[in-house]
Amino acid sequence: MIGGIIFALDIAVWNLSLIKISATVSTLIANLAPVWVGLISYLAFKKKSGKLFWIGTCVAILGMVILVGVQNLLSLQFNIGIPLALLASLFYAIYILITRGILQKISTITFMFYNMLAGSIFLFIINLFLHNQLSDFPLNTWMCFLGMGILCQLAGGLTINHTLRFLESTKVSIALLSQTVIAGLLAVVLLHETLALKEIIGSVTVLAGIAVTFLRQGKINA
């Protein structure tokens, strides 16, 4: 349930950052979770992530920067949206770290029930406190809510949390960077968008960085 509250905080502060800065830059900053996971694992648990993890993380983040565009980052003016997106990445890293141990002891479905219950109640309280609109939306908006709830939160959450039962938290956090690449591919198929050269290079770089983190040090030495 604490994990659910932390995940709710991640969603809340990330969505607040989207109001202040562009979605691309906010997503880039929010995807810094692997860096936090590696640092917290070392500082709190004395667990070294290894050179390959940090090399792969740097390569993947470089790919994200290429995707977003260096010019977009250089022209960005500092505002509250940047620390909010950074805080979102920290919350998500904490969520990954504290829930992995729990998932070794209970089923994914049971975990998701209490996790999403706590998160939903907490977000409901936040919306009441901020006096946000909670009803009287058009039908297409409700359908979007339903789609995001089933596909993004339920299906996405189940696959991520089930993966945490088998992989280290550092590997899961870096593998999640591939969502940016997949989003680009889906945009091509569903929205008929075309990928620019920098987006293709950035996507390949992100995937290459993720691949490096899954290599074994022994194979490199051999």
# chains A, B, ... in the order shown; residues from 1 in each chain; ligands from 1
call {"tool": "residues_around", "arguments": {"residues": "Leu134 in chain A", "least_positions_apart": "6", "cutoff": "12 Å", "atoms": "only C-alpha atoms", "output": "list in words"}}
result
Leu123, Phe124, Ile125, Ile126, Asn127, Leu128, Thr141, Trp142 and Phe145 of chain A
call {"tool": "write_last_selection", "arguments": {"atoms": "all heavy atoms", "output": "short mmCIF file (atom, residue, chain, number, x, y, z; two decimals), in the first residue's frame"}}
result
data_model
loop_
_atom_site.label_atom_id
_atom_site.label_comp_id
_atom_site.auth_asym_id
_atom_site.auth_seq_id
_atom_site.Cartn_x
_atom_site.Cartn_y
_atom_site.Cartn_z
N LEU A 123 -4.85 9.39 -4.75
CA LEU A 123 -5.05 10.35 -5.83
C LEU A 123 -6.43 11.01 -5.74
O LEU A 123 -6.58 12.19 -6.08
CB LEU A 123 -4.91 9.65 -7.19
CG LEU A 123 -3.48 9.34 -7.63
CD1 LEU A 123 -3.48 8.51 -8.92
CD2 LEU A 123 -2.68 10.62 -7.84
N PHE A 124 -7.42 10.25 -5.27
CA PHE A 124 -8.75 10.82 -5.09
C PHE A 124 -8.72 11.93 -4.04
O PHE A 124 -9.32 13.00 -4.23
CB PHE A 124 -9.73 9.71 -4.66
CG PHE A 124 -11.13 10.20 -4.42
CD1 PHE A 124 -11.93 10.59 -5.47
CD2 PHE A 124 -11.64 10.26 -3.13
CE1 PHE A 124 -13.24 11.04 -5.26
CE2 PHE A 124 -12.93 10.71 -2.90
CZ PHE A 124 -13.73 11.10 -3.97
N ILE A 125 -7.99 11.69 -2.96
CA ILE A 125 -7.86 12.71 -1.91
C ILE A 125 -7.14 13.94 -2.43
O ILE A 125 -7.53 15.08 -2.15
CB ILE A 125 -7.12 12.12 -0.69
CG1 ILE A 125 -7.96 11.02 -0.03
CG2 ILE A 125 -6.79 13.21 0.33
CD1 ILE A 125 -7.23 10.26 1.06
N ILE A 126 -6.08 13.73 -3.24
CA ILE A 126 -5.34 14.85 -3.82
C ILE A 126 -6.26 15.70 -4.70
O ILE A 126 -6.25 16.93 -4.64
CB ILE A 126 -4.13 14.35 -4.63
CG1 ILE A 126 -3.06 13.78 -3.70
CG2 ILE A 126 -3.52 15.48 -5.47
CD1 ILE A 126 -1.86 13.19 -4.42
N ASN A 127 -7.08 15.03 -5.52
CA ASN A 127 -8.00 15.75 -6.41
C ASN A 127 -9.06 16.52 -5.63
O ASN A 127 -9.43 17.63 -6.02
CB ASN A 127 -8.67 14.77 -7.38
CG ASN A 127 -7.81 14.47 -8.59
OD1 ASN A 127 -7.68 15.28 -9.49
ND2 ASN A 127 -7.18 13.31 -8.59
N LEU A 128 -9.52 15.95 -4.54
CA LEU A 128 -10.48 16.67 -3.69
C LEU A 128 -9.82 17.90 -3.08
O LEU A 128 -10.43 18.98 -3.02
CB LEU A 128 -10.99 15.75 -2.57
CG LEU A 128 -11.96 14.63 -2.98
CD1 LEU A 128 -12.34 13.81 -1.76
CD2 LEU A 128 -13.20 15.20 -3.66
N THR A 141 -14.05 11.38 -23.51
CA THR A 141 -13.08 11.53 -22.43
C THR A 141 -13.15 10.33 -21.48
O THR A 141 -12.12 9.80 -21.07
CB THR A 141 -13.34 12.83 -21.64
OG1 THR A 141 -13.25 13.94 -22.53
CG2 THR A 141 -12.31 12.99 -20.52
N TRP A 142 -14.38 9.89 -21.17
CA TRP A 142 -14.53 8.70 -20.33
C TRP A 142 -13.94 7.47 -21.00
O TRP A 142 -13.34 6.61 -20.32
CB TRP A 142 -16.01 8.45 -20.02
CG TRP A 142 -16.59 9.37 -18.98
CD1 TRP A 142 -17.54 10.33 -19.15
CD2 TRP A 142 -16.24 9.41 -17.58
NE1 TRP A 142 -17.81 10.96 -17.96
CE2 TRP A 142 -17.03 10.43 -16.98
CE3 TRP A 142 -15.35 8.70 -16.79
CZ2 TRP A 142 -16.95 10.74 -15.62
CZ3 TRP A 142 -15.26 9.01 -15.44
CH2 TRP A 142 -16.05 10.02 -14.87
N PHE A 145 -10.28 7.63 -20.50
CA PHE A 145 -9.97 7.22 -19.13
C PHE A 145 -9.99 5.70 -19.00
O PHE A 145 -9.09 5.10 -18.38
CB PHE A 145 -10.99 7.82 -18.14
CG PHE A 145 -10.84 9.30 -17.92
CD1 PHE A 145 -11.92 10.07 -17.52
CD2 PHE A 145 -9.62 9.92 -18.08
CE1 PHE A 145 -11.79 11.43 -17.30
CE2 PHE A 145 -9.46 11.28 -17.88
CZ PHE A 145 -10.56 12.04 -17.48
#
call {"tool": "closest_atom_pairs", "arguments": {"of": "range 89-189 of chain A", "to": "range 198-201 of chain A", "cutoff": "10 Å", "atoms": "only C-alpha atoms", "output": "Markdown table"}}
result
| residue | atom | partner | partner_atom | distance |
| --- | --- | --- | --- | --- |
| A:Val181 | CA | A:Glu199 | CA | 8.7 |
| A:Gly184 | CA | A:Glu199 | CA | 8.2 |
| A:Leu185 | CA | A:Ile200 | CA | 9.9 |
call {"tool": "residues_around", "arguments": {"residues": "Leu164 in chain A", "least_positions_apart": "6", "cutoff": "10 Å", "atoms": "only C-alpha atoms", "output": "PyMOL selection string"}}
result
chain A and resi 96-97+99-104+108+158+170-173
call {"tool": "atom_distance", "arguments": {"atom1": "CA of Ala33 in chain A", "atom2": "CA of Leu186 in chain A"}}
result
23.0 Å
call {"tool": "select_by_dssp", "arguments": {"residues": "range 17-182 of chain A", "states": "alpha helix (DSSP H)", "output": "MDAnalysis selection string"}}
result
chainID A and resid 17:20 23:30 33:45 51:68 70:74 81:103 108:129 139:147 156:163 169:175 178:182
call {"tool": "residues_around", "arguments": {"residues": "Gly63 in chain A", "least_positions_apart": "5", "cutoff": "12 Å", "atoms": "only C-alpha atoms", "output": "NGL selection string"}}
result
:A and (28 or 31 or 56-58 or 68-70 or 177-178 or 180-181 or 198-210)
call {"tool": "atom_distance", "arguments": {"atom1": "CA of Ile80 in chain A", "atom2": "CA of Trp14 in chain A"}}
result
11.3 Å
call {"tool": "residues_around", "arguments": {"residues": "Phe91 in chain A", "least_positions_apart": "5", "cutoff": "12 Å", "atoms": "only C-alpha atoms", "output": "PyMOL selection string"}}
result
chain A and resi 2-14+30-34+36-37+40+84-86+96-98
